[in-house]
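Trainee: Questions regarding the structure given below will be posed in turn.
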Amino acid sequence: MMTGTTMWLRSSPLGRLATSRPHVAVRATCQRNNADSRVSAKRDVSLYSTAIPSLLTLGAANPVRAFLEPQAEFFKTLDLPDWLVHWGHPGNMAVVLFAMGGYGALYLGWQIRLTDDIKLKQKAIDMHPKLAGGMAFFFALGALGGMMSLLMQGENIFGSSHFVTGMLGLSGLAFQAMLPLFFEDDPNARTMHAFLGTGIMALFFVHAALGLQLGLSI
């Protein structure tokens, strides 16, 4: 049984504040816990979303680096001239780009579509796939050579726009090479081959400019 003094204390402003404060404290504690949980969840999602691309990049990069590093170390022992290590890849790829790409892939490819001269068209039909295929082959070898050159110079081989555009261009060439399989069944495949090929060559010219920029920066 509560005494009169106890009832008076509970009914007073001071008593009401004292009795209500634990509820306020509990409610504030719950709100802080909820806020901390949301922040922690967001941090976990952010770390997870950042880690996945990094792991995928490492998974793709490590085998290539493991394959190229021993060869790069071997070529270092040959004491090749610095200018050759630095500019050998750009020089070779420029020849492939302009001779086999600009003439063989781009010019002869459009000549097949546009010329009315039967002899010229037959020559272009014969030379275009050979030169375009050779270009793709030497570009693939050149990609390995370029990465080896960067390793020999102690540079990062995967962290440039030159690398990204090169991989996109090689992927485009792989898809481009499959389109002739559909020429007889779908006439639109020829048109797609012509315009996609033009776009890929434009990408490789951008790739060359980025490579020149990279070469001048290291």
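Ordering of the structure tokens sets the chain letters (A, B, ...); residue numbers start at 1 within each chain; ligands are numbered from 1 in the order shown.
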From the DSSP assignment of the backbone, select every residue of segment 38-200 of chain A that is alpha helix (DSSP H), and format the answer as a tab-separated table (two decimals) with N, CA, C and O atoms, in the first residue's frame.
Mentor:
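Wrote it out as out09.tsv, contents follow:
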chain	number	residue	atom	x	y	z
A	38	ARG	N	21.60	-0.11	-39.45
A	38	ARG	CA	21.46	0.32	-40.85
A	38	ARG	C	22.80	0.76	-41.41
A	38	ARG	O	23.15	0.45	-42.55
A	39	VAL	N	23.60	1.51	-40.63
A	39	VAL	CA	24.91	1.95	-41.09
A	39	VAL	C	25.82	0.76	-41.35
A	39	VAL	O	26.53	0.69	-42.35
A	40	SER	N	25.78	-0.22	-40.43
A	40	SER	CA	26.60	-1.41	-40.60
A	40	SER	C	26.20	-2.19	-41.84
A	40	SER	O	27.06	-2.68	-42.59
A	41	ALA	N	24.88	-2.30	-42.09
A	41	ALA	CA	24.41	-3.02	-43.28
A	41	ALA	C	24.85	-2.33	-44.55
A	41	ALA	O	25.28	-2.97	-45.51
A	42	LYS	N	24.74	-0.98	-44.56
A	42	LYS	CA	25.17	-0.24	-45.75
A	42	LYS	C	26.67	-0.42	-45.99
A	42	LYS	O	27.13	-0.55	-47.11
A	43	ARG	N	27.45	-0.40	-44.87
A	43	ARG	CA	28.89	-0.58	-45.01
A	43	ARG	C	29.21	-1.96	-45.57
A	43	ARG	O	30.08	-2.12	-46.42
A	44	ASP	N	28.49	-2.98	-45.09
A	44	ASP	CA	28.72	-4.34	-45.58
A	44	ASP	C	28.41	-4.45	-47.07
A	44	ASP	O	29.15	-5.08	-47.83
A	45	VAL	N	27.27	-3.84	-47.50
A	45	VAL	CA	26.91	-3.88	-48.91
A	45	VAL	C	27.94	-3.17	-49.76
A	45	VAL	O	28.33	-3.61	-50.83
A	46	SER	N	28.43	-2.00	-49.26
A	46	SER	CA	29.41	-1.24	-50.01
A	46	SER	C	30.71	-2.02	-50.16
A	46	SER	O	31.30	-2.08	-51.24
A	47	LEU	N	31.16	-2.64	-49.06
A	47	LEU	CA	32.38	-3.43	-49.13
A	47	LEU	C	32.22	-4.62	-50.05
A	47	LEU	O	33.12	-4.97	-50.82
A	48	TYR	N	31.05	-5.25	-50.01
A	48	TYR	CA	30.80	-6.41	-50.86
A	48	TYR	C	30.80	-6.04	-52.33
A	48	TYR	O	31.43	-6.68	-53.16
A	49	SER	N	30.11	-4.91	-52.66
A	49	SER	CA	30.02	-4.49	-54.05
A	49	SER	C	31.37	-4.02	-54.58
A	49	SER	O	31.64	-4.08	-55.77
A	50	THR	N	32.24	-3.52	-53.68
A	50	THR	CA	33.57	-3.10	-54.10
A	50	THR	C	34.50	-4.29	-54.26
A	50	THR	O	35.36	-4.30	-55.14
A	51	ALA	N	34.32	-5.28	-53.42
A	51	ALA	CA	35.23	-6.42	-53.43
A	51	ALA	C	35.03	-7.32	-54.64
A	51	ALA	O	35.99	-7.85	-55.19
A	52	ILE	N	33.76	-7.46	-55.09
A	52	ILE	CA	33.49	-8.40	-56.18
A	52	ILE	C	34.24	-8.03	-57.47
A	52	ILE	O	34.94	-8.86	-58.04
A	53	PRO	N	34.12	-6.75	-57.97
A	53	PRO	CA	34.89	-6.42	-59.19
A	53	PRO	C	36.38	-6.58	-59.00
A	53	PRO	O	37.09	-6.99	-59.91
A	54	SER	N	36.88	-6.24	-57.78
A	54	SER	CA	38.31	-6.36	-57.53
A	54	SER	C	38.75	-7.81	-57.62
A	54	SER	O	39.79	-8.12	-58.20
A	55	LEU	N	37.96	-8.70	-57.03
A	55	LEU	CA	38.30	-10.12	-57.09
A	55	LEU	C	38.25	-10.64	-58.52
A	55	LEU	O	39.10	-11.44	-58.93
A	56	LEU	N	37.24	-10.20	-59.29
A	56	LEU	CA	37.14	-10.64	-60.68
A	56	LEU	C	38.34	-10.16	-61.49
A	56	LEU	O	38.89	-10.89	-62.32
A	57	THR	N	38.74	-8.89	-61.25
A	57	THR	CA	39.90	-8.34	-61.97
A	57	THR	C	41.16	-9.12	-61.63
A	57	THR	O	41.96	-9.46	-62.50
A	58	LEU	N	41.35	-9.39	-60.32
A	58	LEU	CA	42.52	-10.14	-59.92
A	58	LEU	C	42.51	-11.55	-60.50
A	58	LEU	O	43.54	-12.08	-60.92
A	59	GLY	N	41.32	-12.14	-60.55
A	59	GLY	CA	41.22	-13.49	-61.09
A	59	GLY	C	41.61	-13.56	-62.54
A	59	GLY	O	42.22	-14.53	-63.01
A	60	ALA	N	41.28	-12.50	-63.31
A	60	ALA	CA	41.64	-12.48	-64.73
A	60	ALA	C	43.09	-12.05	-64.93
A	60	ALA	O	43.77	-12.50	-65.85
A	61	ALA	N	43.57	-11.15	-64.07
A	61	ALA	CA	44.89	-10.56	-64.27
A	61	ALA	C	46.02	-11.48	-63.84
A	61	ALA	O	47.05	-11.57	-64.51
A	62	ASN	N	45.85	-12.17	-62.73
A	62	ASN	CA	46.95	-12.96	-62.19
A	62	ASN	C	47.48	-14.02	-63.14
A	62	ASN	O	48.70	-14.19	-63.25
A	63	PRO	N	46.64	-14.81	-63.83
A	63	PRO	CA	47.20	-15.79	-64.77
A	63	PRO	C	47.99	-15.15	-65.91
A	63	PRO	O	49.02	-15.69	-66.33
A	64	VAL	N	47.51	-14.00	-66.40
A	64	VAL	CA	48.23	-13.32	-67.48
A	64	VAL	C	49.58	-12.83	-66.97
A	64	VAL	O	50.62	-13.01	-67.63
A	65	ARG	N	49.57	-12.20	-65.80
A	65	ARG	CA	50.83	-11.73	-65.23
A	65	ARG	C	51.78	-12.90	-64.95
A	65	ARG	O	52.99	-12.81	-65.22
A	66	ALA	N	51.24	-13.99	-64.41
A	66	ALA	CA	52.07	-15.15	-64.12
A	66	ALA	C	52.68	-15.73	-65.39
A	66	ALA	O	53.80	-16.26	-65.37
A	67	PHE	N	51.95	-15.64	-66.50
A	67	PHE	CA	52.45	-16.15	-67.78
A	67	PHE	C	53.53	-15.24	-68.36
A	67	PHE	O	54.51	-15.70	-68.94
A	68	LEU	N	53.36	-13.91	-68.21
A	68	LEU	CA	54.25	-12.97	-68.88
A	68	LEU	C	55.49	-12.63	-68.07
A	68	LEU	O	56.54	-12.32	-68.66
A	69	GLU	N	55.41	-12.65	-66.75
A	69	GLU	CA	56.54	-12.19	-65.94
A	69	GLU	C	57.83	-12.98	-66.18
A	69	GLU	O	58.90	-12.38	-66.31
A	70	PRO	N	57.79	-14.32	-66.27
A	70	PRO	CA	59.05	-15.03	-66.54
A	70	PRO	C	59.66	-14.65	-67.88
A	70	PRO	O	60.89	-14.55	-68.00
A	71	GLN	N	58.81	-14.43	-68.88
A	71	GLN	CA	59.32	-14.04	-70.19
A	71	GLN	C	59.91	-12.62	-70.15
A	71	GLN	O	60.94	-12.34	-70.78
A	72	ALA	N	59.23	-11.74	-69.40
A	72	ALA	CA	59.75	-10.38	-69.26
A	72	ALA	C	61.11	-10.39	-68.57
A	72	ALA	O	62.03	-9.65	-68.96
A	73	GLU	N	61.25	-11.23	-67.54
A	73	GLU	CA	62.54	-11.33	-66.85
A	73	GLU	C	63.62	-11.86	-67.78
A	73	GLU	O	64.77	-11.42	-67.73
A	74	PHE	N	63.25	-12.81	-68.66
A	74	PHE	CA	64.24	-13.34	-69.61
A	74	PHE	C	64.70	-12.25	-70.57
A	74	PHE	O	65.91	-12.10	-70.82
A	75	PHE	N	63.75	-11.49	-71.13
A	75	PHE	CA	64.13	-10.45	-72.09
A	75	PHE	C	64.92	-9.34	-71.43
A	75	PHE	O	65.72	-8.66	-72.09
A	76	LYS	N	64.74	-9.14	-70.14
A	76	LYS	CA	65.56	-8.15	-69.43
A	76	LYS	C	67.03	-8.54	-69.44
A	76	LYS	O	67.91	-7.68	-69.49
A	82	ASP	N	66.81	0.57	-74.54
A	82	ASP	CA	65.62	1.12	-73.88
A	82	ASP	C	64.58	1.60	-74.90
A	82	ASP	O	63.38	1.43	-74.69
A	83	TRP	N	65.05	2.21	-75.97
A	83	TRP	CA	64.10	2.73	-76.97
A	83	TRP	C	63.32	1.60	-77.63
A	83	TRP	O	62.15	1.75	-77.98
A	84	LEU	N	63.97	0.44	-77.78
A	84	LEU	CA	63.30	-0.69	-78.40
A	84	LEU	C	62.23	-1.28	-77.46
A	84	LEU	O	61.12	-1.60	-77.90
A	85	VAL	N	62.58	-1.39	-76.19
A	85	VAL	CA	61.61	-1.89	-75.20
A	85	VAL	C	60.43	-0.92	-75.10
A	85	VAL	O	59.27	-1.35	-74.99
A	86	HIS	N	60.74	0.37	-75.15
A	86	HIS	CA	59.70	1.39	-74.93
A	86	HIS	C	58.82	1.59	-76.16
A	86	HIS	O	57.59	1.68	-76.04
A	87	TRP	N	59.43	1.65	-77.35
A	87	TRP	CA	58.69	2.01	-78.56
A	87	TRP	C	58.54	0.88	-79.58
A	87	TRP	O	57.93	1.08	-80.64
A	88	GLY	N	59.09	-0.28	-79.28
A	88	GLY	CA	58.97	-1.39	-80.23
A	88	GLY	C	57.53	-1.82	-80.45
A	88	GLY	O	57.09	-2.00	-81.60
A	89	HIS	N	56.77	-1.97	-79.38
A	89	HIS	CA	55.36	-2.35	-79.51
A	89	HIS	C	54.55	-1.30	-80.27
A	89	HIS	O	53.82	-1.65	-81.22
A	90	PRO	N	54.63	-0.01	-79.92
A	90	PRO	CA	53.85	0.98	-80.68
A	90	PRO	C	54.22	1.02	-82.16
A	90	PRO	O	53.34	1.16	-83.02
A	91	GLY	N	55.52	0.88	-82.48
A	91	GLY	CA	55.92	0.91	-83.88
A	91	GLY	C	55.35	-0.25	-84.67
A	91	GLY	O	54.81	-0.06	-85.78
A	92	ASN	N	55.45	-1.45	-84.13
A	92	ASN	CA	54.92	-2.62	-84.82
A	92	ASN	C	53.40	-2.54	-85.00
A	92	ASN	O	52.86	-2.86	-86.07
A	93	MET	N	52.72	-2.12	-83.95
A	93	MET	CA	51.26	-2.07	-84.02
A	93	MET	C	50.77	-0.97	-84.96
A	93	MET	O	49.71	-1.10	-85.58
A	94	ALA	N	51.54	0.11	-85.09
A	94	ALA	CA	51.16	1.15	-86.04
A	94	ALA	C	51.18	0.62	-87.47
A	94	ALA	O	50.29	0.91	-88.28
A	95	VAL	N	52.19	-0.19	-87.79
A	95	VAL	CA	52.26	-0.79	-89.14
A	95	VAL	C	51.06	-1.70	-89.37
A	95	VAL	O	50.41	-1.67	-90.43
A	108	LEU	N	39.42	-2.26	-98.22
A	108	LEU	CA	38.98	-3.37	-99.07
A	108	LEU	C	37.59	-3.86	-98.69
A	108	LEU	O	36.81	-4.29	-99.55
A	109	GLY	N	37.27	-3.78	-97.40
A	109	GLY	CA	35.93	-4.19	-96.98
A	109	GLY	C	34.84	-3.33	-97.61
A	109	GLY	O	33.84	-3.84	-98.11
A	110	TRP	N	35.06	-2.02	-97.62
A	110	TRP	CA	34.07	-1.15	-98.23
A	110	TRP	C	34.11	-1.22	-99.76
A	110	TRP	O	33.10	-1.00	-100.43
A	111	GLN	N	35.28	-1.54	-100.30
A	111	GLN	CA	35.36	-1.70	-101.75
A	111	GLN	C	34.48	-2.86	-102.22
A	111	GLN	O	33.86	-2.79	-103.29
A	112	ILE	N	34.41	-3.92	-101.43
A	112	ILE	CA	33.55	-5.05	-101.77
A	112	ILE	C	32.09	-4.60	-101.90
A	112	ILE	O	31.35	-5.03	-102.78
A	113	ARG	N	31.68	-3.71	-101.02
A	113	ARG	CA	30.28	-3.27	-101.01
A	113	ARG	C	29.98	-2.22	-102.08
A	113	ARG	O	28.87	-2.18	-102.60
A	114	LEU	N	30.97	-1.38	-102.40
A	114	LEU	CA	30.66	-0.19	-103.19
A	114	LEU	C	31.09	-0.25	-104.65
A	114	LEU	O	30.50	0.43	-105.50
A	118	ILE	N	34.22	-5.58	-111.44
A	118	ILE	CA	34.21	-6.99	-111.07
A	118	ILE	C	35.61	-7.46	-110.64
A	118	ILE	O	35.76	-8.18	-109.65
A	119	LYS	N	36.64	-7.03	-111.39
A	119	LYS	CA	37.99	-7.47	-111.06
A	119	LYS	C	38.44	-6.93	-109.71
A	119	LYS	O	39.04	-7.66	-108.91
A	120	LEU	N	38.16	-5.64	-109.46
A	120	LEU	CA	38.52	-5.06	-108.17
A	120	LEU	C	37.76	-5.73	-107.03
A	120	LEU	O	38.33	-6.00	-105.96
A	121	LYS	N	36.49	-6.02	-107.27
A	121	LYS	CA	35.69	-6.66	-106.22
A	121	LYS	C	36.21	-8.06	-105.91
A	121	LYS	O	36.31	-8.45	-104.74
A	122	GLN	N	36.58	-8.81	-106.94
A	122	GLN	CA	37.10	-10.15	-106.72
A	122	GLN	C	38.43	-10.12	-105.95
A	122	GLN	O	38.68	-10.95	-105.07
A	123	LYS	N	39.27	-9.14	-106.31
A	123	LYS	CA	40.54	-8.99	-105.60
A	123	LYS	C	40.29	-8.63	-104.13
A	123	LYS	O	40.94	-9.17	-103.22
A	124	ALA	N	39.35	-7.71	-103.91
A	124	ALA	CA	39.04	-7.31	-102.54
A	124	ALA	C	38.44	-8.48	-101.75
A	124	ALA	O	38.76	-8.68	-100.57
A	125	ILE	N	37.57	-9.26	-102.40
A	125	ILE	CA	36.97	-10.42	-101.73
A	125	ILE	C	38.05	-11.42	-101.33
A	125	ILE	O	37.96	-12.07	-100.27
A	126	ASP	N	39.08	-11.54	-102.14
A	126	ASP	CA	40.18	-12.47	-101.84
A	126	ASP	C	41.09	-11.93	-100.74
A	126	ASP	O	41.50	-12.68	-99.83
A	127	MET	N	41.42	-10.63	-100.79
A	127	MET	CA	42.41	-10.07	-99.87
A	127	MET	C	41.83	-9.62	-98.53
A	127	MET	O	42.52	-9.68	-97.50
A	128	HIS	N	40.61	-9.17	-98.54
A	128	HIS	CA	40.02	-8.60	-97.31
A	128	HIS	C	40.05	-9.58	-96.13
A	128	HIS	O	40.55	-9.22	-95.05
A	129	PRO	N	39.54	-10.80	-96.24
A	129	PRO	CA	39.56	-11.69	-95.07
A	129	PRO	C	40.97	-12.09	-94.65
A	129	PRO	O	41.23	-12.30	-93.46
A	130	LYS	N	41.89	-12.18	-95.61
A	130	LYS	CA	43.27	-12.55	-95.26
A	130	LYS	C	43.94	-11.45	-94.45
A	130	LYS	O	44.57	-11.71	-93.41
A	131	LEU	N	43.82	-10.21	-94.94
A	131	LEU	CA	44.47	-9.10	-94.24
A	131	LEU	C	43.77	-8.78	-92.91
A	131	LEU	O	44.43	-8.47	-91.91
A	132	ALA	N	42.45	-8.86	-92.90
A	132	ALA	CA	41.72	-8.60	-91.65
A	132	ALA	C	42.03	-9.68	-90.61
A	132	ALA	O	42.22	-9.38	-89.41
A	133	GLY	N	42.10	-10.94	-91.06
A	133	GLY	CA	42.47	-12.01	-90.14
A	133	GLY	C	43.89	-11.87	-89.63
A	133	GLY	O	44.17	-12.10	-88.44
A	134	GLY	N	44.80	-11.47	-90.52
A	134	GLY	CA	46.18	-11.23	-90.10
A	134	GLY	C	46.27	-10.09	-89.10
A	134	GLY	O	47.03	-10.16	-88.13
A	135	MET	N	45.49	-9.05	-89.33
A	135	MET	CA	45.46	-7.93	-88.39
A	135	MET	C	45.03	-8.40	-87.00
A	135	MET	O	45.66	-8.06	-85.99
A	136	ALA	N	43.96	-9.18	-86.93
A	136	ALA	CA	43.47	-9.67	-85.65
A	136	ALA	C	44.53	-10.54	-84.96
A	136	ALA	O	44.74	-10.44	-83.75
A	137	PHE	N	45.21	-11.38	-85.74
A	137	PHE	CA	46.25	-12.25	-85.18
A	137	PHE	C	47.40	-11.44	-84.59
A	137	PHE	O	47.84	-11.67	-83.45
A	138	PHE	N	47.89	-10.46	-85.36
A	138	PHE	CA	49.02	-9.66	-84.89
A	138	PHE	C	48.60	-8.71	-83.76
A	138	PHE	O	49.43	-8.39	-82.89
A	139	PHE	N	47.35	-8.28	-83.75
A	139	PHE	CA	46.88	-7.47	-82.62
A	139	PHE	C	46.87	-8.30	-81.33
A	139	PHE	O	47.22	-7.79	-80.26
A	140	ALA	N	46.45	-9.55	-81.43
A	140	ALA	CA	46.44	-10.41	-80.24
A	140	ALA	C	47.86	-10.65	-79.74
A	140	ALA	O	48.13	-10.56	-78.53
A	141	LEU	N	48.78	-10.95	-80.67
A	141	LEU	CA	50.18	-11.11	-80.26
A	141	LEU	C	50.75	-9.79	-79.72
A	141	LEU	O	51.50	-9.77	-78.74
A	142	GLY	N	50.36	-8.70	-80.38
A	142	GLY	CA	50.85	-7.39	-79.96
A	142	GLY	C	50.37	-7.01	-78.57
A	142	GLY	O	51.08	-6.32	-77.82
A	143	ALA	N	49.17	-7.46	-78.21
A	143	ALA	CA	48.67	-7.18	-76.86
A	143	ALA	C	49.58	-7.82	-75.81
A	143	ALA	O	49.93	-7.21	-74.80
A	144	LEU	N	49.98	-9.07	-76.07
A	144	LEU	CA	50.90	-9.74	-75.15
A	144	LEU	C	52.26	-9.03	-75.14
A	144	LEU	O	52.86	-8.84	-74.08
A	145	GLY	N	52.72	-8.63	-76.32
A	145	GLY	CA	53.99	-7.91	-76.39
A	145	GLY	C	53.95	-6.58	-75.66
A	145	GLY	O	54.92	-6.19	-74.99
A	146	GLY	N	52.83	-5.87	-75.79
A	146	GLY	CA	52.71	-4.58	-75.11
A	146	GLY	C	52.70	-4.73	-73.60
A	146	GLY	O	53.33	-3.95	-72.88
A	147	MET	N	51.98	-5.75	-73.11
A	147	MET	CA	51.97	-5.98	-71.67
A	147	MET	C	53.34	-6.40	-71.16
A	147	MET	O	53.77	-6.00	-70.08
A	148	MET	N	54.06	-7.19	-71.96
A	148	MET	CA	55.40	-7.59	-71.56
A	148	MET	C	56.34	-6.39	-71.52
A	148	MET	O	57.18	-6.26	-70.62
A	149	SER	N	56.17	-5.49	-72.49
A	149	SER	CA	56.98	-4.27	-72.50
A	149	SER	C	56.76	-3.45	-71.23
A	149	SER	O	57.71	-2.94	-70.63
A	150	LEU	N	55.49	-3.33	-70.82
A	150	LEU	CA	55.20	-2.58	-69.60
A	150	LEU	C	55.79	-3.26	-68.37
A	150	LEU	O	56.31	-2.60	-67.46
A	151	LEU	N	55.71	-4.59	-68.33
A	151	LEU	CA	56.31	-5.31	-67.20
A	151	LEU	C	57.82	-5.08	-67.15
A	151	LEU	O	58.40	-4.91	-66.08
A	152	MET	N	58.47	-5.08	-68.30
A	152	MET	CA	59.91	-4.86	-68.34
A	152	MET	C	60.28	-3.46	-67.86
A	152	MET	O	61.38	-3.23	-67.37
A	161	SER	N	43.58	3.26	-69.91
A	161	SER	CA	42.53	3.28	-70.93
A	161	SER	C	43.00	2.57	-72.20
A	161	SER	O	42.19	2.00	-72.94
A	162	HIS	N	44.30	2.57	-72.44
A	162	HIS	CA	44.86	1.86	-73.60
A	162	HIS	C	44.57	0.37	-73.48
A	162	HIS	O	44.19	-0.28	-74.47
A	163	PHE	N	44.74	-0.17	-72.29
A	163	PHE	CA	44.44	-1.60	-72.07
A	163	PHE	C	42.96	-1.89	-72.28
A	163	PHE	O	42.58	-2.87	-72.94
A	164	VAL	N	42.09	-1.03	-71.72
A	164	VAL	CA	40.64	-1.26	-71.82
A	164	VAL	C	40.19	-1.22	-73.28
A	164	VAL	O	39.45	-2.10	-73.74
A	165	THR	N	40.63	-0.22	-74.04
A	165	THR	CA	40.20	-0.13	-75.44
A	165	THR	C	40.77	-1.29	-76.26
A	165	THR	O	40.11	-1.77	-77.19
A	166	GLY	N	41.95	-1.76	-75.91
A	166	GLY	CA	42.52	-2.90	-76.62
A	166	GLY	C	41.70	-4.17	-76.41
A	166	GLY	O	41.42	-4.91	-77.36
A	167	MET	N	41.28	-4.41	-75.16
A	167	MET	CA	40.47	-5.59	-74.88
A	167	MET	C	39.09	-5.49	-75.55
A	167	MET	O	38.56	-6.48	-76.06
A	168	LEU	N	38.52	-4.29	-75.55
A	168	LEU	CA	37.23	-4.11	-76.23
A	168	LEU	C	37.37	-4.35	-77.74
A	168	LEU	O	36.52	-4.97	-78.37
A	169	GLY	N	38.46	-3.84	-78.31
A	169	GLY	CA	38.68	-4.03	-79.75
A	169	GLY	C	38.87	-5.49	-80.12
A	169	GLY	O	38.30	-5.96	-81.11
A	170	LEU	N	39.65	-6.22	-79.34
A	170	LEU	CA	39.86	-7.64	-79.62
A	170	LEU	C	38.57	-8.44	-79.47
A	170	LEU	O	38.29	-9.36	-80.26
A	171	SER	N	37.76	-8.09	-78.48
A	171	SER	CA	36.47	-8.76	-78.31
A	171	SER	C	35.56	-8.47	-79.49
A	171	SER	O	34.85	-9.36	-79.99
A	172	GLY	N	35.59	-7.22	-79.96
A	172	GLY	CA	34.79	-6.86	-81.13
A	172	GLY	C	35.24	-7.62	-82.37
A	172	GLY	O	34.40	-8.06	-83.18
A	173	LEU	N	36.54	-7.79	-82.54
A	173	LEU	CA	37.04	-8.54	-83.70
A	173	LEU	C	36.62	-10.00	-83.65
A	173	LEU	O	36.34	-10.60	-84.69
A	174	ALA	N	36.59	-10.57	-82.45
A	174	ALA	CA	36.15	-11.97	-82.33
A	174	ALA	C	34.69	-12.12	-82.77
A	174	ALA	O	34.34	-13.07	-83.49
A	175	PHE	N	33.85	-11.17	-82.36
A	175	PHE	CA	32.45	-11.21	-82.77
A	175	PHE	C	32.32	-10.93	-84.27
A	175	PHE	O	31.54	-11.59	-84.98
A	176	GLN	N	33.11	-10.00	-84.76
A	176	GLN	CA	33.10	-9.63	-86.17
A	176	GLN	C	33.46	-10.81	-87.06
A	176	GLN	O	32.91	-10.99	-88.15
A	177	ALA	N	34.40	-11.63	-86.59
A	177	ALA	CA	34.84	-12.77	-87.38
A	177	ALA	C	33.76	-13.83	-87.54
A	177	ALA	O	33.81	-14.63	-88.48
A	178	MET	N	32.77	-13.84	-86.64
A	178	MET	CA	31.69	-14.83	-86.73
A	178	MET	C	30.57	-14.41	-87.67
A	178	MET	O	29.81	-15.26	-88.15
A	188	ASN	N	21.22	-8.95	-93.78
A	188	ASN	CA	21.54	-7.88	-92.84
A	188	ASN	C	22.86	-8.11	-92.13
A	188	ASN	O	23.46	-7.16	-91.60
A	189	ALA	N	23.32	-9.35	-92.10
A	189	ALA	CA	24.59	-9.64	-91.44
A	189	ALA	C	25.75	-8.95	-92.16
A	189	ALA	O	26.72	-8.53	-91.52
A	190	ARG	N	25.65	-8.81	-93.49
A	190	ARG	CA	26.70	-8.11	-94.24
A	190	ARG	C	26.75	-6.63	-93.85
A	190	ARG	O	27.84	-6.06	-93.68
A	191	THR	N	25.58	-6.03	-93.76
A	191	THR	CA	25.54	-4.61	-93.38
A	191	THR	C	26.08	-4.42	-91.97
A	191	THR	O	26.86	-3.49	-91.70
A	192	MET	N	25.68	-5.30	-91.07
A	192	MET	CA	26.17	-5.22	-89.69
A	192	MET	C	27.68	-5.40	-89.65
A	192	MET	O	28.39	-4.70	-88.92
A	193	HIS	N	28.19	-6.34	-90.45
A	193	HIS	CA	29.63	-6.59	-90.51
A	193	HIS	C	30.39	-5.34	-90.97
A	193	HIS	O	31.43	-4.99	-90.41
A	194	ALA	N	29.85	-4.65	-91.97
A	194	ALA	CA	30.52	-3.47	-92.51
A	194	ALA	C	30.56	-2.33	-91.50
A	194	ALA	O	31.62	-1.73	-91.26
A	195	PHE	N	29.43	-2.04	-90.89
A	195	PHE	CA	29.39	-0.89	-89.98
A	195	PHE	C	30.03	-1.20	-88.64
A	195	PHE	O	30.68	-0.34	-88.04
A	196	LEU	N	29.86	-2.43	-88.16
A	196	LEU	CA	30.54	-2.80	-86.92
A	196	LEU	C	32.05	-2.79	-87.11
A	196	LEU	O	32.80	-2.32	-86.25
A	197	GLY	N	32.49	-3.30	-88.27
A	197	GLY	CA	33.93	-3.28	-88.55
A	197	GLY	C	34.49	-1.87	-88.59
A	197	GLY	O	35.59	-1.61	-88.10
A	198	THR	N	33.72	-0.95	-89.18
A	198	THR	CA	34.15	0.45	-89.21
A	198	THR	C	34.27	1.01	-87.80
A	198	THR	O	35.23	1.72	-87.47
A	199	GLY	N	33.29	0.69	-86.96
A	199	GLY	CA	33.34	1.15	-85.57
A	199	GLY	C	34.51	0.57	-84.82
A	199	GLY	O	35.17	1.28	-84.02
A	200	ILE	N	34.81	-0.69	-85.04
A	200	ILE	CA	35.94	-1.33	-84.37
A	200	ILE	C	37.26	-0.68	-84.81
A	200	ILE	O	38.15	-0.44	-83.99
Trainee: I'd like the interatomic distance between atom CA of Leu179 of chain A and atom CA of Val206 of chain A, to a tenth of an Å.
Mentor: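 Answer for the atom CA of Leu179 of chain A to atom CA of Val206 of chain A separation: 23.6 Å.
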Trainee: How far is it from atom CA of Gly102 of chain A to atom CA of Phe205 of chain A, in Å with one decimal?
Mentor: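 Pair atom CA of Gly102 of chain A / atom CA of Phe205 of chain A returns 9.6 Å.
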